[in-house]
Each structure stands twice: as structure tokens, then as C-alpha cells.
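**Q** model-v3.csv is reproduced below (CSV, C-alpha atoms).
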chain,number,residue,atom,x,y,z
A,25,MET,CA,-58.1,95.4,-92.0
A,26,SER,CA,-58.3,97.9,-94.9
A,27,ASN,CA,-54.6,97.8,-95.6
A,28,GLU,CA,-54.5,94.0,-96.0
A,29,SER,CA,-52.9,94.1,-99.4
A,30,LEU,CA,-50.3,96.9,-98.9
A,31,PRO,CA,-46.8,95.7,-99.7
A,32,PRO,CA,-43.9,96.3,-97.3
A,33,PHE,CA,-43.0,100.0,-97.5
A,34,GLN,CA,-39.4,98.9,-98.4
A,35,GLU,CA,-40.8,97.7,-101.7
A,36,LEU,CA,-42.0,101.2,-102.6
A,37,LEU,CA,-38.6,102.6,-101.7
A,38,ASP,CA,-36.8,99.9,-103.8
A,39,GLU,CA,-39.0,100.4,-106.9
A,40,HIS,CA,-39.8,104.1,-106.9
A,41,SER,CA,-37.1,106.0,-105.0
A,42,SER,CA,-35.0,106.5,-108.2
A,43,ASP,CA,-37.9,108.1,-110.1
A,44,VAL,CA,-38.9,110.3,-107.1
A,45,LEU,CA,-35.3,111.6,-106.7
A,46,GLY,CA,-35.0,112.1,-110.4
A,47,TYR,CA,-38.2,114.0,-110.5
A,48,LEU,CA,-37.1,116.2,-107.6
A,49,VAL,CA,-33.7,116.9,-109.0
A,50,ALA,CA,-35.4,118.2,-112.1
A,51,THR,CA,-38.0,120.3,-110.2
A,52,VAL,CA,-36.3,121.7,-107.1
A,53,GLY,CA,-32.7,121.3,-108.2
A,54,PRO,CA,-30.0,118.9,-107.2
A,55,HIS,CA,-29.1,121.0,-104.1
A,56,ASP,CA,-32.4,120.7,-102.4
A,57,ALA,CA,-33.6,117.4,-103.9
A,58,GLU,CA,-32.3,115.2,-101.2
A,59,ASP,CA,-34.1,117.1,-98.5
A,60,VAL,CA,-37.4,117.2,-100.4
A,61,PHE,CA,-37.0,113.5,-101.2
A,62,GLN,CA,-36.9,112.8,-97.5
A,63,GLU,CA,-39.9,114.9,-96.8
A,64,THR,CA,-41.7,113.1,-99.5
A,65,PHE,CA,-41.1,109.6,-98.1
A,66,ILE,CA,-41.6,110.7,-94.5
A,67,ALA,CA,-45.0,112.0,-95.5
A,68,ALA,CA,-45.7,108.8,-97.4
A,69,LEU,CA,-44.7,106.7,-94.4
A,70,ARG,CA,-47.1,108.7,-92.2
A,71,ALA,CA,-50.0,108.3,-94.7
A,72,TYR,CA,-49.2,104.7,-95.7
A,73,GLU,CA,-51.1,102.8,-93.0
A,74,GLY,CA,-54.3,104.7,-93.8
A,75,LEU,CA,-54.1,104.0,-97.5
A,76,GLU,CA,-57.1,102.0,-98.7
A,77,HIS,CA,-55.5,100.1,-101.6
A,78,ALA,CA,-52.2,99.4,-103.2
A,79,ARG,CA,-53.0,100.6,-106.7
A,80,ASN,CA,-51.0,103.3,-108.4
A,81,LEU,CA,-48.4,103.7,-105.7
A,82,HIS,CA,-46.0,105.2,-108.2
A,83,SER,CA,-48.4,108.0,-109.0
A,84,TRP,CA,-49.3,108.3,-105.3
A,85,LEU,CA,-45.6,108.9,-104.4
A,86,LEU,CA,-45.1,111.4,-107.3
A,87,THR,CA,-48.2,113.3,-106.2
A,88,ILE,CA,-46.6,113.7,-102.7
A,89,ALA,CA,-43.3,114.6,-104.3
A,90,HIS,CA,-45.1,117.2,-106.5
A,91,ASN,CA,-46.8,118.7,-103.4
A,92,LYS,CA,-43.6,118.8,-101.5
A,93,ALA,CA,-41.8,120.5,-104.4
A,94,ILE,CA,-44.5,123.2,-104.5
A,95,ASP,CA,-44.3,123.7,-100.7
A,96,HIS,CA,-40.5,124.0,-101.1
A,97,HIS,CA,-40.9,126.7,-103.9
A,98,ARG,CA,-43.5,128.5,-101.8
A,99,SER,CA,-41.4,128.6,-98.7
A,100,ARG,CA,-38.4,129.9,-100.6
A,101,THR,CA,-40.4,132.4,-102.5
A,102,ARG,CA,-42.1,133.7,-99.4
A,103,ARG,CA,-38.7,134.5,-98.1
A,104,ALA,CA,-37.5,136.1,-101.3
A,105,VAL,CA,-40.6,137.8,-102.7
A,106,PRO,CA,-43.1,139.1,-100.2
A,107,ALA,CA,-46.0,139.9,-102.6
A,108,GLY,CA,-47.8,137.9,-105.2
A,109,ASP,CA,-49.3,134.5,-105.7
A,110,ALA,CA,-46.6,132.2,-104.3
A,111,GLU,CA,-47.3,129.4,-106.7
A,112,GLU,CA,-47.1,131.7,-109.8
A,113,VAL,CA,-44.1,133.6,-108.5
A,114,ALA,CA,-42.4,130.4,-107.7
A,115,GLY,CA,-42.3,129.5,-111.3
A,116,SER,CA,-40.6,132.7,-112.3
A,117,VAL,CA,-37.6,132.3,-110.1
A,118,PRO,CA,-34.9,129.8,-110.9
A,119,ALA,CA,-35.9,126.7,-109.0
A,120,SER,CA,-33.0,126.8,-106.6
A,121,ASN,CA,-30.1,128.4,-105.0
A,122,SER,CA,-28.5,125.3,-106.3
A,123,ARG,CA,-25.1,125.1,-107.7
A,124,PRO,CA,-25.9,123.3,-111.0
A,125,ASP,CA,-22.3,122.8,-112.0
A,126,GLU,CA,-21.5,121.1,-108.8
A,127,ALA,CA,-24.3,118.6,-108.8
A,128,VAL,CA,-26.0,118.2,-112.1
A,129,THR,CA,-24.3,115.0,-113.0
A,130,GLY,CA,-24.8,114.3,-116.6
A,131,ARG,CA,-27.6,116.8,-117.0
A,132,ASP,CA,-27.3,119.8,-119.3
A,133,PRO,CA,-27.3,122.8,-116.9
A,134,GLU,CA,-28.8,125.1,-119.5
A,135,LEU,CA,-31.8,122.8,-120.0
A,136,TRP,CA,-32.1,122.3,-116.3
A,137,ARG,CA,-32.3,126.1,-115.7
A,138,ALA,CA,-34.9,126.3,-118.5
A,139,VAL,CA,-37.0,123.5,-117.0
A,140,SER,CA,-36.8,125.0,-113.5
A,141,SER,CA,-38.1,128.3,-114.7
A,142,LEU,CA,-41.3,126.8,-116.1
A,143,PRO,CA,-44.5,127.4,-114.0
A,144,PRO,CA,-44.9,124.6,-111.5
A,145,LYS,CA,-47.6,122.7,-113.2
A,146,GLN,CA,-45.9,122.7,-116.6
A,147,ARG,CA,-42.6,121.9,-114.9
A,148,SER,CA,-44.0,118.9,-113.1
A,149,ALA,CA,-45.9,117.7,-116.1
A,150,VAL,CA,-42.9,118.0,-118.4
A,151,VAL,CA,-40.6,116.3,-115.9
A,152,LEU,CA,-43.0,113.4,-115.2
A,153,ARG,CA,-43.5,112.9,-118.9
A,154,TYR,CA,-39.9,113.0,-120.0
A,155,ALA,CA,-37.9,112.1,-116.9
A,156,THR,CA,-40.0,109.3,-115.5
A,157,ASP,CA,-41.8,108.1,-118.6
A,158,MET,CA,-45.3,108.3,-117.2
A,159,SER,CA,-48.4,108.1,-119.4
A,160,TYR,CA,-50.7,111.2,-119.6
A,161,SER,CA,-53.3,109.4,-117.5
A,162,ALA,CA,-50.7,108.7,-114.8
A,163,ILE,CA,-49.5,112.3,-114.9
A,164,ALA,CA,-53.1,113.4,-114.5
A,165,ARG,CA,-53.4,111.2,-111.4
A,166,ALA,CA,-50.2,112.4,-110.0
A,167,LEU,CA,-51.0,116.1,-110.5
A,168,ASP,CA,-54.7,115.7,-109.7
A,169,SER,CA,-55.8,117.1,-113.0
A,170,SER,CA,-57.6,115.9,-116.1
A,171,GLU,CA,-55.8,114.0,-118.7
A,172,ALA,CA,-56.4,116.9,-121.1
A,173,ALA,CA,-54.9,119.4,-118.7
A,174,ALA,CA,-51.9,117.1,-118.3
A,175,ARG,CA,-51.4,117.0,-122.1
A,176,ARG,CA,-51.8,120.8,-122.3
A,177,ASN,CA,-49.3,121.4,-119.5
A,178,VAL,CA,-46.7,119.1,-121.2
A,179,HIS,CA,-47.3,120.7,-124.6
A,180,GLU,CA,-47.1,124.3,-123.3
A,181,GLY,CA,-44.1,123.5,-121.2
A,182,LEU,CA,-42.4,121.9,-124.2
A,183,GLN,CA,-43.2,125.0,-126.3
A,184,LYS,CA,-41.7,127.3,-123.7
A,185,LEU,CA,-38.6,125.2,-123.4
A,186,ARG,CA,-38.2,125.3,-127.2
A,187,GLY,CA,-38.5,129.1,-127.1
A,188,GLU,CA,-36.0,129.5,-124.3
A,189,PHE,CA,-33.7,126.8,-125.2
A,190,ALA,CA,-33.3,127.2,-128.9
B,1,MET,CA,-29.4,125.8,-132.7
B,2,ASN,CA,-32.0,123.3,-133.9
B,3,PRO,CA,-35.4,123.4,-132.1
B,4,LEU,CA,-35.5,121.1,-129.2
B,5,THR,CA,-37.1,117.8,-130.1
B,6,GLU,CA,-38.9,115.6,-127.8
B,7,LYS,CA,-36.2,113.0,-128.2
B,8,GLN,CA,-33.5,115.3,-127.1
B,9,LEU,CA,-35.5,116.5,-124.2
B,10,GLU,CA,-36.2,113.0,-123.2
B,11,LYS,CA,-32.5,112.0,-123.5
B,12,MET,CA,-31.4,115.0,-121.4
B,13,LEU,CA,-34.0,114.7,-118.7
B,14,ARG,CA,-34.0,111.0,-118.3
B,15,GLN,CA,-30.8,110.7,-116.3
B,16,ALA,CA,-31.5,108.4,-113.4
B,17,PRO,CA,-29.9,109.7,-110.2
B,18,SER,CA,-26.5,108.1,-109.5
B,19,ASP,CA,-26.4,105.2,-107.0
B,20,ALA,CA,-24.3,107.3,-104.7
B,21,ASP,CA,-26.9,110.1,-104.6
B,22,LEU,CA,-29.7,107.7,-104.1
B,23,ASP,CA,-27.9,105.8,-101.3
B,24,ARG,CA,-27.2,109.1,-99.5
B,25,ALA,CA,-30.9,110.2,-99.8
B,26,VAL,CA,-32.2,106.9,-98.6
B,27,LYS,CA,-29.8,106.7,-95.7
B,28,GLY,CA,-30.9,110.2,-94.6
B,29,LEU,CA,-34.5,109.1,-94.9
B,30,LEU,CA,-33.9,106.1,-92.7
B,31,ALA,CA,-32.3,108.2,-90.0
B,32,ARG,CA,-35.2,110.6,-90.1
B,33,ALA,CA,-37.9,107.9,-90.1
B,34,GLU,CA,-36.1,106.3,-87.2
B,35,ARG,CA,-36.1,109.5,-85.3
B,36,ASP,CA,-39.7,110.2,-86.0
B,37,GLY,CA,-40.7,106.7,-84.9
B,38,LEU,CA,-42.2,105.8,-88.3
B,39,ILE,CA,-40.6,102.4,-88.7
B,40,ASP,CA,-42.9,99.8,-87.2
B,41,VAL,CA,-40.9,96.8,-88.4
B,42,ALA,CA,-37.1,97.1,-89.1
B,43,TYR,CA,-35.4,94.2,-90.8
B,44,ALA,CA,-31.9,93.1,-92.0
B,45,GLU,CA,-30.3,90.1,-93.5
B,46,VAL,CA,-27.9,88.4,-91.2
B,47,ASP,CA,-25.3,85.9,-92.4
B,48,SER,CA,-25.2,82.4,-91.0
B,49,PRO,CA,-23.3,79.2,-91.9
B,50,TYR,CA,-26.5,77.9,-93.5
B,51,GLY,CA,-27.3,81.0,-95.6
B,52,ALA,CA,-28.8,84.4,-95.1
B,53,LEU,CA,-31.3,84.8,-92.3
B,54,LEU,CA,-33.9,87.6,-92.3
B,55,VAL,CA,-34.3,89.1,-88.9
B,56,ALA,CA,-37.2,91.6,-88.2
B,57,ARG,CA,-37.9,93.5,-85.0
B,58,THR,CA,-40.5,96.0,-83.6
B,59,ASP,CA,-40.1,98.4,-80.7
B,60,ARG,CA,-40.8,95.5,-78.4
B,61,GLY,CA,-38.2,93.0,-79.7
B,62,VAL,CA,-37.5,90.4,-82.4
B,63,VAL,CA,-40.8,89.5,-84.1
B,64,ARG,CA,-39.5,87.2,-86.8
B,65,VAL,CA,-36.5,85.2,-87.8
B,66,ALA,CA,-36.7,83.7,-91.3
B,67,LEU,CA,-34.4,80.8,-91.9
B,68,PRO,CA,-32.6,80.3,-95.2
B,69,ALA,CA,-35.4,79.4,-97.7
B,70,GLY,CA,-35.5,76.5,-100.0
B,71,ARG,CA,-34.5,73.5,-97.9
B,72,GLY,CA,-37.3,73.2,-95.4
B,73,ARG,CA,-40.7,74.8,-95.0
B,74,GLU,CA,-39.4,78.4,-94.7
B,75,ARG,CA,-40.9,80.7,-97.3
B,76,PRO,CA,-38.8,82.9,-99.6
B,77,HIS,CA,-37.9,86.1,-97.7
B,78,ASP,CA,-39.9,88.5,-99.9
B,79,GLU,CA,-43.0,86.5,-99.0
B,80,VAL,CA,-42.0,86.6,-95.3
B,81,LEU,CA,-41.9,90.4,-95.6
B,82,GLU,CA,-45.3,90.5,-97.2
B,83,GLU,CA,-46.7,88.4,-94.3
B,84,LEU,CA,-45.2,90.9,-91.9
B,85,ALA,CA,-46.8,93.7,-93.8
B,86,THR,CA,-50.2,92.0,-93.4
B,87,ASP,CA,-49.8,90.6,-89.9
B,88,VAL,CA,-47.8,93.4,-88.1
B,89,SER,CA,-47.6,96.6,-90.1
B,90,PRO,CA,-46.8,97.6,-93.7
B,91,ARG,CA,-44.4,100.3,-92.4
B,92,ILE,CA,-41.5,98.0,-92.9
B,93,LEU,CA,-38.0,99.2,-93.8
B,94,GLU,CA,-34.7,97.6,-94.1
B,95,SER,CA,-32.6,99.2,-91.4
B,96,PRO,CA,-29.5,97.2,-90.6
B,97,ASP,CA,-28.3,99.5,-87.9
B,98,ARG,CA,-31.4,98.9,-85.9
B,99,LEU,CA,-30.6,95.2,-85.8
B,100,ASP,CA,-27.0,95.5,-84.6
B,101,GLU,CA,-27.7,93.7,-81.3
B,102,GLU,CA,-29.6,90.8,-82.9
B,103,ARG,CA,-26.9,90.4,-85.5
B,104,ARG,CA,-24.1,90.4,-82.9
B,105,GLU,CA,-25.9,87.8,-80.7
B,106,LEU,CA,-26.6,85.5,-83.7
B,107,GLU,CA,-23.0,85.8,-84.9
B,108,GLU,CA,-21.7,84.9,-81.4
B,109,TYR,CA,-24.1,82.0,-81.3
B,110,PHE,CA,-22.8,80.6,-84.6
B,111,GLU,CA,-19.2,81.1,-83.5
B,112,GLY,CA,-20.0,79.0,-80.4
B,113,ARG,CA,-19.5,82.0,-78.0
B,114,ARG,CA,-23.1,82.4,-76.9
B,115,GLN,CA,-25.5,79.9,-75.5
B,116,LYS,CA,-28.4,82.1,-74.6
B,117,PHE,CA,-30.0,85.1,-76.4
B,118,ASP,CA,-30.5,88.3,-74.4
B,119,VAL,CA,-32.4,90.3,-77.1
B,120,PRO,CA,-36.1,90.8,-76.2
B,121,VAL,CA,-38.8,88.9,-78.1
B,122,ASP,CA,-42.0,90.2,-79.5
B,123,TRP,CA,-44.6,87.4,-79.4
B,124,THR,CA,-47.1,89.3,-81.6
B,125,LEU,CA,-47.2,86.5,-84.3
B,126,THR,CA,-47.9,83.7,-81.9
B,127,SER,CA,-51.5,83.0,-81.1
B,128,PRO,CA,-52.3,82.9,-77.4
B,129,GLY,CA,-53.2,79.6,-75.7
B,130,PHE,CA,-51.6,76.2,-76.3
B,131,ARG,CA,-49.2,77.4,-79.1
B,132,SER,CA,-48.0,80.3,-77.0
B,133,ARG,CA,-47.5,78.0,-73.9
B,134,ALA,CA,-45.7,75.4,-76.1
B,135,LEU,CA,-43.3,78.0,-77.6
B,136,HIS,CA,-42.6,79.5,-74.2
B,137,ALA,CA,-41.6,76.0,-73.1
B,138,VAL,CA,-39.4,75.7,-76.1
B,139,ALA,CA,-37.7,79.0,-75.2
B,140,ARG,CA,-36.6,77.5,-71.9
B,141,ILE,CA,-34.8,74.5,-73.4
B,142,PRO,CA,-31.1,75.0,-72.5
B,143,TYR,CA,-28.3,75.1,-75.0
B,144,GLY,CA,-27.1,71.6,-76.0
B,145,LYS,CA,-30.2,69.8,-74.7
B,146,THR,CA,-33.2,68.4,-76.5
B,147,ARG,CA,-36.9,67.8,-75.6
B,148,THR,CA,-39.4,65.6,-77.3
B,149,TYR,CA,-42.7,67.0,-78.8
B,150,ALA,CA,-44.5,65.0,-76.1
B,151,GLU,CA,-42.5,66.7,-73.3
B,152,ILE,CA,-43.3,70.1,-74.8
B,153,ALA,CA,-47.0,69.2,-75.0
B,154,LYS,CA,-46.9,68.3,-71.4
B,155,SER,CA,-45.2,71.6,-70.4
B,156,ALA,CA,-47.9,73.4,-72.3
B,157,GLY,CA,-50.5,71.7,-70.3
B,158,ASN,CA,-51.7,68.8,-72.5
B,159,ALA,CA,-49.5,65.7,-72.5
B,160,ARG,CA,-51.4,64.1,-75.3
B,161,ALA,CA,-51.2,67.0,-77.7
B,162,PHE,CA,-47.8,66.1,-79.1
B,163,ARG,CA,-49.0,66.7,-82.7
B,164,ALA,CA,-50.2,70.2,-81.7
B,165,ALA,CA,-46.8,70.7,-80.1
B,166,GLY,CA,-45.2,69.8,-83.5
B,167,THR,CA,-47.5,72.3,-85.2
B,168,ALA,CA,-46.6,75.0,-82.7
B,169,CYS,CA,-42.9,74.4,-83.4
B,170,GLY,CA,-43.7,74.4,-87.2
B,171,HIS,CA,-45.2,77.9,-86.8
B,172,ASN,CA,-42.4,79.2,-84.5
B,173,PRO,CA,-41.9,82.8,-85.9
B,174,ILE,CA,-38.6,83.2,-84.1
B,175,PRO,CA,-36.5,80.1,-84.7
B,176,LEU,CA,-32.9,80.0,-83.3
B,177,ILE,CA,-33.8,82.5,-80.6
B,178,VAL,CA,-36.8,80.4,-79.6
B,179,PRO,CA,-34.8,77.1,-80.2
B,180,CYS,CA,-37.3,74.8,-81.8
B,181,HIS,CA,-34.4,72.9,-83.3
B,182,ARG,CA,-34.0,71.4,-79.8
B,183,VAL,CA,-37.4,69.6,-80.1
B,184,VAL,CA,-37.2,66.1,-81.5
B,185,PRO,CA,-39.5,63.2,-82.0
B,186,SER,CA,-39.7,60.5,-79.3
B,187,ALA,CA,-39.3,57.9,-81.9
B,188,GLY,CA,-35.8,59.1,-82.8
B,189,GLY,CA,-34.2,61.1,-85.6
B,190,VAL,CA,-34.3,64.9,-85.6
B,191,GLY,CA,-37.6,65.5,-87.2
B,192,ASN,CA,-38.7,68.4,-89.4
B,193,TYR,CA,-37.2,71.9,-89.5
B,194,GLY,CA,-38.1,75.1,-91.3
B,195,GLY,CA,-34.5,75.4,-92.5
B,196,GLY,CA,-34.4,71.7,-93.5
B,197,ALA,CA,-33.5,68.6,-91.4
B,198,GLU,CA,-29.9,69.0,-92.3
B,199,MET,CA,-29.7,72.4,-90.7
B,200,LYS,CA,-31.4,71.0,-87.6
B,201,GLN,CA,-29.0,68.1,-87.4
B,202,GLY,CA,-26.1,70.6,-87.9
B,203,LEU,CA,-27.3,72.9,-85.1
B,204,LEU,CA,-27.7,70.0,-82.7
B,205,ASP,CA,-24.3,68.6,-83.6
B,206,PHE,CA,-22.8,72.0,-83.1
B,207,GLU,CA,-24.4,72.4,-79.7
B,208,GLY,CA,-23.1,69.0,-78.7
B,209,ALA,CA,-26.7,67.7,-78.1
B,210,LEU,CA,-26.4,64.5,-80.1
Mind converting the file's structure to C-alpha cells?
**A**
Amino acid sequence: MSNESLPPFQELLDEHSSDVLGYLVATVGPHDAEDVFQETFIAALRAYEGLEHARNLHSWLLTIAHNKAIDHHRSRTRRAVPAGDAEEVAGSVPASNSRPDEAVTGRDPELWRAVSSLPPKQRSAVVLRYATDMSYSAIARALDSSEAAARRNVHEGLQKLRGEFA
Amino acid sequence: MNPLTEKQLEKMLRQAPSDADLDRAVKGLLARAERDGLIDVAYAEVDSPYGALLVARTDRGVVRVALPAGRGRERPHDEVLEELATDVSPRILESPDRLDEERRELEEYFEGRRQKFDVPVDWTLTSPGFRSRALHAVARIPYGKTRTYAEIAKSAGNARAFRAAGTACGHNPIPLIVPCHRVVPSAGGVGNYGGGAEMKQGLLDFEGAL
């Protein structure tokens, strides 16, 4: 069997669910994070048996979370803004109809708004770097980009945040 | 305001979700996975007078009961889960609700209110042939009675294979529900048990078999 060495799925949930939820709160907002969290793990469960090895399961889960977050922004943007490249437009709208005051427990709502207005790739890279403490190579894996692109996205995202947040 | 430093950003972003938020998200996930039929093996810990049991089931029935580890041959429960991942499916999730029936029957058994288990059994982990015949014979031993390994061997079709009957019991994936504690050596004593000889003795005493 190809999946001989896969750990019980519960182990993934125990070890990585906090990072995945934290990532999603920062990218799609606290209001929608729970729903996208469930979509992420349902997709992971569906794909799990076919997985060929058990390496980098953390990055694997965050890749799925990233894709689900993008889907989420797209579907909302499609409703709100009929024209334009969904992925680019998604970045320009605040990342939720969320009610930050209600749910941003311990997070600075201003910062959160600034992060959510970054373009998707920068937003994901910044959040992965600073919220889940991933290395650039792990971020590159999760976002399916080169390590240089991961660094650039983090750097540019950070610059933008400094601009907006200062 | 000072320019945003990496340290500040890190501090502000790195707020782990609260336990309550995480719990709620995971509960919702379980319900959804359940509804979509994505849990191949559901498990829960069940209390017993001898320590925590791990009980796992598939759609077909109870596939594994792990006795409290440490006193007999039973493996630590995390290793049991790893074996299930390899031998049954890695899509394993802790889902206490799905094991309500099993938990209730085991509780009734340990309270002396149940002599026979009604929950279905999934024999996936028992290899066919002699072992399977032996464990099916074990499953028919009534509450409060014992059989010898030789008698089980005979029921399984090979009277001389009492050692193999012992091995079959030693590999019983579903102890308690398939009551291998009721199988004892002809020479006397209670013999070995996954949860330790003391537990076996205790169960037989409790059932009034000794």
C-alpha cells in the first residue's frame, strides 16, 4: 500500500488545526474562518488516502487552506464585483463582511484590516511567516512558489503594511 | 506612530486561536465529515475499572478494543491508532458520539448489568482460517463460563493446536466483546491477558466464573 506510513488523520488535526485556524482567521477573517477551516479539512480528508507520503503534512494542509481562502475570496468577489480578475480584485476588498470587533480576540483590528487588504499572495505569505512561524522554504511549498518569490511576497507585504499601518 | 517592526507584526499576528474557537471549529468539522461519510475509523476512549479503553469502529462494527496499556501485552494507544491507520485506513478521527452504543454496552457490562454484547463486530483485523474460527468460538463462550485453550482449538477444528489457539487469543483485536478472558490453560491458573493477568482474574471473579 502506498499510504503505509500515513499517521492517523486525528494526529494532523491535533498538531496542525490551531495553525490552520489561525492562518484562516488572518486571511479570510474571524467570521468566515470556521467555515473555510471545515472546507480545508474536509478536502484534506478526501485527499488523504491517496497521499503518497507523510512528509510536510503541515505545508500540505496550509496549501489547502490557502487555496480554500482564495476560493472563498473569489466567490465573494464574484457576487460583489462582476468584472475584473477575481484574484486581484479579491485583494482590494476587505477580506470579509466580518465583524472584527466581535471576534478578533486579542488581535489588533486595524492591523487585521490592513493584512486583509493585501493581495492574496502577499497576505498568505505574510501570515504564514508571522502567524505560523514557517520558514521561507516551507512557505514556498505551501504557496507552490519559489523560495525567492516567497521572500519577495513577505517583503512586499510587509512594506505595504508599514505604509498603511504607520 | 513608529514604523511597524517585524517583531510587532509577529507579536500581533501570532495569536493562537482560543481553545473555544478551535473546539467549535473541530466539532463542526466532525459533524460534516460524518455526514459526508469521510470517517473510515471512529474512535473514543471509554472508562473502565481497569483504566481507559480505546474503542474503534468502522461502518461495519467494532474493529478494535485496546485494553489499558502497561500491565499486559497491550500496546500504548497511540501505537494502536497507528496500526489501525496502516491496517484499516488512515482516515481515523476521534468521534465520541459515534461510539455511544459501544460505550453504553461496556459501561453496563462493567456495572454487572449486561452479559452479552449486541453491537456488531467488524472482523477485518482477524486473518481468516484457524484464527478466525478460534475467535468465533471464543465469541460464543457464555458470560461467567470458561473454556480451555484446548477446547477452543477443538472448536476451531484442530484439537491439538492449543498453542495456536493461545496465539489467536493473544491477537484478539476485540477483547471484552470477544471475551478471550474466558479462555484459560488446562493446567490451571488464568494464563496471559493483554491487559495483564490481574485484569483477567478480576474479570473472571466479577463474572463469577472462578
**Q** Fewer than 6 positions away in the same chain doesn't count, so skip those; otherwise give me all residues within 9 Å of His96 in chain A, counting all atoms listed in the file, as a tab-separated table (two decimals) with C-alpha atoms, in the frame of the given file.
**A**
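Output below, filename part.tsv:
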chain	number	residue	atom	x	y	z
A	52	VAL	CA	-36.30	121.70	-107.10
A	56	ASP	CA	-32.40	120.70	-102.40
A	60	VAL	CA	-37.40	117.20	-100.40
**Q** Give me, as CSV, the closest atom pair and its distance (Å, one decimal) for every residue of chain A within a cut-off of 6 Å of chain B, counting all atoms listed in the file, rows sorted by chain and rising number.
**A**
residue,atom,partner,partner_atom,distance
A:Glu28,CA,B:Thr86,CA,5.4
A:Pro31,CA,B:Glu82,CA,6.0
A:Pro32,CA,B:Pro90,CA,4.8
A:Phe33,CA,B:Ile92,CA,5.2
A:Gln34,CA,B:Leu93,CA,4.8
A:Gly46,CA,B:Pro17,CA,5.6
A:Glu58,CA,B:Ala25,CA,5.4
A:Gln62,CA,B:Leu29,CA,5.1
A:Tyr154,CA,B:Glu10,CA,4.9
A:Ala155,CA,B:Arg14,CA,4.3
A:Arg186,CA,B:Leu4,CA,5.4
A:Ala190,CA,B:Pro3,CA,5.4
**Q** Please work out which residues fall within 12 Å of (-49.7, 68.4, -69.7), coordinates as given in the file, with all atoms listed in the file counting, and return them as a count of residues only.
**A** 19
**Q** Tell me which protein, DNA and RNA residues are within 8 Å of Glu171 in chain A, counting only C-alpha atoms, leaving out same-chain ones fewer than 5 positions away, and put them as a PyMOL selection string.
**A** chain A and resi 160-161+163-164
**Q** CA of Glu198 in chain B and CA of Pro49 in chain B are how many Å apart?
**A** 12.2 Å
**Q** With a distance cut-off of 12 Å and all atoms listed in the file, select the neighbouring residues of Pro175 in chain B, excluding the residue or stretch itself and same-chain residues fewer than 4 positions from it, and output the selection as a ChimeraX atom specification.
**A** /B:53-55,62-68,74,106,117,121,135,138-139,168-171,179-183,193-195,199-200,203
**Q** Would you pick out the contacts of range 82-92 of chain A at 6 Å or less, using only C-alpha atoms, so that residues sharing its chain but fewer than 2 positions from it are not included, and give the list as a ChimeraX atom specification?
**A** /A:64,80,94-95,166-167
**Q** When you count only C-alpha atoms, which of these residues is closest to Val178 in chain A: A:Thr51, A:Gln146, A:Ser159, A:Ser140?
**A**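 Answer, going by the shortest atom-to-atom distance: A:Gln146.
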**Q** For the atom pair CA of Thr167 in chain B and CA of Arg60 in chain B, what is the interatomic distance in Å to one decimal place?
**A**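 Taking CA of Thr167 in chain B as the start and CA of Arg60 in chain B as the end point, the length is 25.1 Å.
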**Q** Measure the distance from CA of Asn192 in chain B to CA of Pro128 in chain B in Å and round it to one decimal.
**A**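 Rounded to one decimal, the two atoms are 23.2 Å apart.
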**Q** Determine the nearest neighbour of Pro120 in chain B from the options B:Arg57, B:Gly72, B:Ala164, B:Tyr143, counting all atoms listed in the file.
**A** B:Arg57
**Q** Once you add 8 Å to each side, what are the centre and edge lengths of the axis-aligned box holding all listed atoms of range 151-162 of chain A? One decimal in Å, as AutoDock Vina command-line options, if you can.
**A**
--center_x -45.6 --center_y 112.2 --center_z -117.4 --size_x 31.4 --size_y 24.2 --size_z 21.2
**Q** Find the residues around range 107-112 of chain B up to 12 Å (all atoms listed in the file counted), leave out those fewer than 6 positions away in its own chain, and share them as a list in words.
**A**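 Returned residues: Val46, Asp47, Ser48, Pro49, Tyr50, Gly51, Ala52, Leu53, Asp100, Glu101, Asp118, Tyr143, Gly144, Leu176, Ile177, Pro179, Gly202, Leu203, Leu204, Asp205, Phe206, Glu207 and Gly208 of chain B.
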**Q** Of the residues B:Leu125, B:Val178, B:Val119, B:Val88, which is the one nearest to Ile141 in chain B, using all atoms listed in the file?
**A** B:Val178
**Q** Which one of A:Ala162, A:Val151, A:Leu69, A:Ala93 sits closest to His179 in chain A if you count all atoms listed in the file?
**A**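 Looking only at the distances to His179 in chain A, the closest residue turns out to be A:Val151.
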